[in-house]
Every structure is written in C-alpha cells, then in structure tokens.
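**Student:** Below is the file data-v4.tsv, with TSV, C-alpha atoms.
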chain	number	residue	atom	x	y	z
P	11	MET	CA	70.23	152.16	85.42
P	12	LYS	CA	66.48	152.66	85.87
P	13	TRP	CA	65.68	150.10	83.17
P	14	LEU	CA	67.93	147.57	84.89
P	15	ALA	CA	65.98	147.92	88.16
P	16	ALA	CA	62.66	147.63	86.30
P	17	PHE	CA	63.89	144.50	84.49
P	18	ALA	CA	65.05	142.93	87.76
P	19	LEU	CA	61.63	143.49	89.36
P	20	THR	CA	59.83	142.13	86.30
P	21	SER	CA	61.96	139.00	86.06
P	22	THR	CA	61.59	138.27	89.79
P	23	THR	CA	57.81	138.52	89.52
P	24	ALA	CA	57.77	136.21	86.52
P	25	LEU	CA	59.64	133.53	88.49
P	26	ALA	CA	57.18	133.65	91.42
P	27	GLU	CA	54.78	131.00	90.13
P	28	PRO	CA	52.04	129.91	92.52
P	29	PRO	CA	51.56	126.24	93.36
P	30	VAL	CA	49.14	124.53	90.97
P	31	VAL	CA	46.81	121.68	91.86
P	32	THR	CA	47.07	119.22	88.96
P	33	ALA	CA	45.00	116.30	90.28
P	34	VAL	CA	42.68	115.44	93.18
P	35	SER	CA	41.03	112.24	94.33
P	36	ALA	CA	38.42	112.14	97.08
P	37	THR	CA	37.34	108.94	98.80
P	38	GLN	CA	34.76	108.60	101.55
P	39	THR	CA	35.46	106.12	104.34
P	40	GLY	CA	32.66	106.01	106.88
P	41	ASP	CA	32.01	109.52	108.16
P	42	THR	CA	35.25	111.06	106.88
P	43	TRP	CA	37.03	111.65	103.59
P	44	GLN	CA	40.54	111.15	102.29
P	45	PHE	CA	41.94	113.59	99.73
P	46	LYS	CA	45.00	112.89	97.60
P	47	VAL	CA	46.24	116.10	95.99
P	48	THR	CA	48.95	116.47	93.37
P	49	ILE	CA	50.74	119.83	93.27
P	50	ALA	CA	53.24	121.27	90.79
P	51	HIS	CA	55.45	124.15	91.94
P	52	PRO	CA	58.99	125.22	91.05
P	53	ASP	CA	60.35	124.69	94.58
P	54	THR	CA	63.84	126.13	94.93
P	55	GLY	CA	64.59	125.20	98.55
P	56	TRP	CA	63.62	126.21	102.08
P	57	ASP	CA	63.03	129.86	101.12
P	58	HIS	CA	60.51	129.10	98.35
P	59	TYR	CA	58.41	125.93	98.26
P	60	ALA	CA	54.82	124.68	98.26
P	61	ASP	CA	54.17	124.33	101.98
P	62	GLY	CA	50.53	123.29	102.21
P	63	TRP	CA	47.10	122.77	100.76
P	64	ARG	CA	43.60	122.83	102.20
P	65	VAL	CA	40.08	121.62	101.58
P	66	LEU	CA	37.45	124.37	101.58
P	67	ASP	CA	33.69	124.27	101.30
P	68	MET	CA	32.19	126.34	98.49
P	69	ASP	CA	31.81	129.30	100.88
P	70	GLY	CA	35.54	129.29	101.62
P	71	ASN	CA	35.40	127.68	105.07
P	72	GLU	CA	38.37	125.45	105.82
P	73	LEU	CA	37.47	121.77	106.32
P	74	GLY	CA	40.99	120.33	106.38
P	75	LEU	CA	44.62	121.42	106.13
P	76	ARG	CA	47.68	119.46	104.93
P	77	VAL	CA	50.97	121.06	105.93
P	78	LEU	CA	53.95	120.17	103.74
P	79	ALA	CA	57.01	120.11	105.98
P	80	HIS	CA	59.80	120.38	103.40
P	81	PRO	CA	60.60	121.43	99.82
P	82	HIS	CA	60.07	119.01	96.92
P	83	VAL	CA	62.78	120.36	94.62
P	84	THR	CA	63.50	117.04	92.89
P	85	GLU	CA	59.98	115.56	93.17
P	86	GLN	CA	57.67	117.47	90.83
P	87	PRO	CA	54.78	117.21	90.67
P	88	PHE	CA	54.17	115.46	93.99
P	89	THR	CA	51.13	113.91	95.68
P	90	ARG	CA	50.24	113.96	99.36
P	91	ALA	CA	47.16	112.70	101.21
P	92	LEU	CA	45.01	114.07	104.01
P	93	THR	CA	42.67	111.75	105.91
P	94	GLY	CA	39.92	112.32	108.44
P	95	VAL	CA	38.33	115.30	106.70
P	96	VAL	CA	34.74	115.82	107.86
P	97	ILE	CA	32.48	117.02	105.04
P	98	PRO	CA	29.03	118.33	106.00
P	99	ALA	CA	26.14	116.12	104.88
P	100	GLY	CA	24.73	117.08	101.50
P	101	THR	CA	27.95	118.70	100.28
P	102	ARG	CA	28.46	117.92	96.60
P	103	GLN	CA	31.55	120.05	95.87
P	104	VAL	CA	34.63	121.29	97.71
P	105	GLN	CA	37.62	123.40	96.70
P	106	ILE	CA	41.32	122.66	97.03
P	107	GLN	CA	43.67	125.60	97.54
P	108	ALA	CA	47.48	125.38	97.59
P	109	ARG	CA	49.97	127.61	99.38
P	110	ASP	CA	53.66	128.40	99.11
P	111	LEU	CA	56.29	130.04	101.22
P	112	PRO	CA	56.77	133.02	101.06
P	113	ASP	CA	53.78	134.08	98.91
P	114	GLY	CA	50.90	132.43	100.81
P	115	TRP	CA	47.65	131.04	99.45
P	116	ASN	CA	47.13	130.84	95.70
P	117	THR	CA	44.06	132.89	94.80
P	118	ALA	CA	42.95	130.13	92.42
P	119	THR	CA	41.19	127.03	93.72
P	120	THR	CA	40.34	123.68	92.16
P	121	VAL	CA	36.71	122.63	92.45
P	122	VAL	CA	36.18	118.93	93.16
P	123	ASP	CA	32.88	117.10	92.65
P	124	LEU	CA	32.33	114.59	95.43
P	125	PRO	CA	31.12	111.14	94.39
Would you mind writing the structure in this file as structure tokens?
**Tutor:**
Amino acid sequence: MKWLAAFALTSTTALAEPPVVTAVSATQTGDTWQFKVTIAHPDTGWDHYADGWRVLDMDGNELGLRVLAHPHVTEQPFTRALTGVVIPAGTRQVQIQARDLPDGWNTATTVVDLP
C-alpha cells in the first residue's frame, strides 16, 4: 500500500507542468510597448490553467501584467497581447514570466532583447 501512495504522489507531480513561454514579440509604439506572448500549458479546466504572464525588468520588477481570464484547453499553444507597457529608457532586455492556477509563477523566465 505504501508504494501505491508513493506512485500516486510521483505521478501527480509529473503531470504538474508549468506554463512555458514559446514565443515573444515586442513592439514599441511611442512611449509604450506591446508584447505578444505565446504560452503552452496542459490546461485541464478551471482548476488548472495558465492564468497570466508578466513583463519584468532584469532585476525582477514587474512592468506589466496580463491576466488570462479562462482556460485554453482546446487552444494550445495560445497567444495574447499586452499593450501600454512602460519600459524605462535605456532598457535593452526584459523577462517574461508565466503563471498557472494553482501552482503560481513559473520559476523560469524568458529573456527578450528589445529592438
């Protein structure tokens, strides 16, 4: 019986994949930026889905947040945009970090070079 409990815990952990940023485009328009971010995540429904992503500076300060209001079970990977992001002058790189419900922010980030 003990091995069954251990197997159940192991298999549950293996299924808990974090959201992965697969593509990013960044476009400056005047004083602000638009980011289009593509995320892949095995959404299963309202209890487990990629529910947001954010733009961070290289020190980890949040510059913009895109909340994803619903699961994308049948749309994988999916792309969503965020406009109006203010990037400090002289910034050459930012990071994109994705989040899912219920696990929270992925520890990995994607570094983006700004044109």
**Student:** Residues near region 79-94 of chain P, anyone? I mean within 9 Å using all atoms listed in the file, not counting same-chain ones fewer than 3 positions away, as JSON, numbers by chain.
**Tutor:** {"P": [32, 33, 34, 39, 41, 42, 43, 44, 45, 46, 47, 48, 49, 50, 51, 52, 53, 54, 55, 56, 57, 58, 59, 60, 61, 62, 74, 75, 76]}
**Student:** Find, counting all atoms listed in the file, the residue in P:Pro28, P:Arg64, P:Asp123, P:Val77 that gets nearest to Ile106 (chain P).
**Tutor:**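 Result for the nearest residue to Ile106 (chain P): P:Arg64.
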**Student:** Pick the closest to Ala99 (chain P) from P:Val30, P:Asp113, P:Glu72, P:Asp67: which is it, counting only C-alpha atoms?
**Tutor:**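 Closest residue, counting only C-alpha atoms: P:Asp67.
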**Student:** Would you mind telling me which residue in P:Glu27, P:Gln103, P:Pro125, P:Thr37 lies nearest to Gly70 (chain P) when using only C-alpha atoms?
**Tutor:**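 Looking at the shortest contact to Gly70 (chain P), the residue is P:Gln103.
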**Student:** Trp63 (chain P): which residues within 6 Å, counting only C-alpha atoms, same-chain residues fewer than 6 positions away excluded, as an NGL selection string?
**Tutor:** :P and (76 or 107-109)
**Student:** Which one of P:Leu66, P:Val104, P:Leu111, P:Val121 sits closest to Ala26 (chain P) if you count all atoms listed in the file?
**Tutor:** P:Leu111
**Student:** Between CA of Gly40 (chain P) and CA of Arg102 (chain P), what distance in Å does the model show, to one decimal?
**Tutor:** 16.3 Å
**Student:** Find the distance between CA of Val31 (chain P) and CA of Asn71 (chain P) and write it in Å to one decimal.
**Tutor:**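 Distance between the two atoms: 18.5 Å.
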**Student:** What separation in Å, quoted to one decimal, exists between CA of Pro29 (chain P) and CA of Val96 (chain P)?
**Tutor:**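 Computing it gives 24.5 Å between the two atoms.
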**Student:** Compare P:Gln105, P:Leu78, P:Leu73, P:Pro98 by their minimum atom-to-atom distance to Val122 (chain P), counting only C-alpha atoms, and give me the closest one.
**Tutor:**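 Once distances to Val122 (chain P) are computed over only C-alpha atoms, the minimum belongs to P:Gln105.
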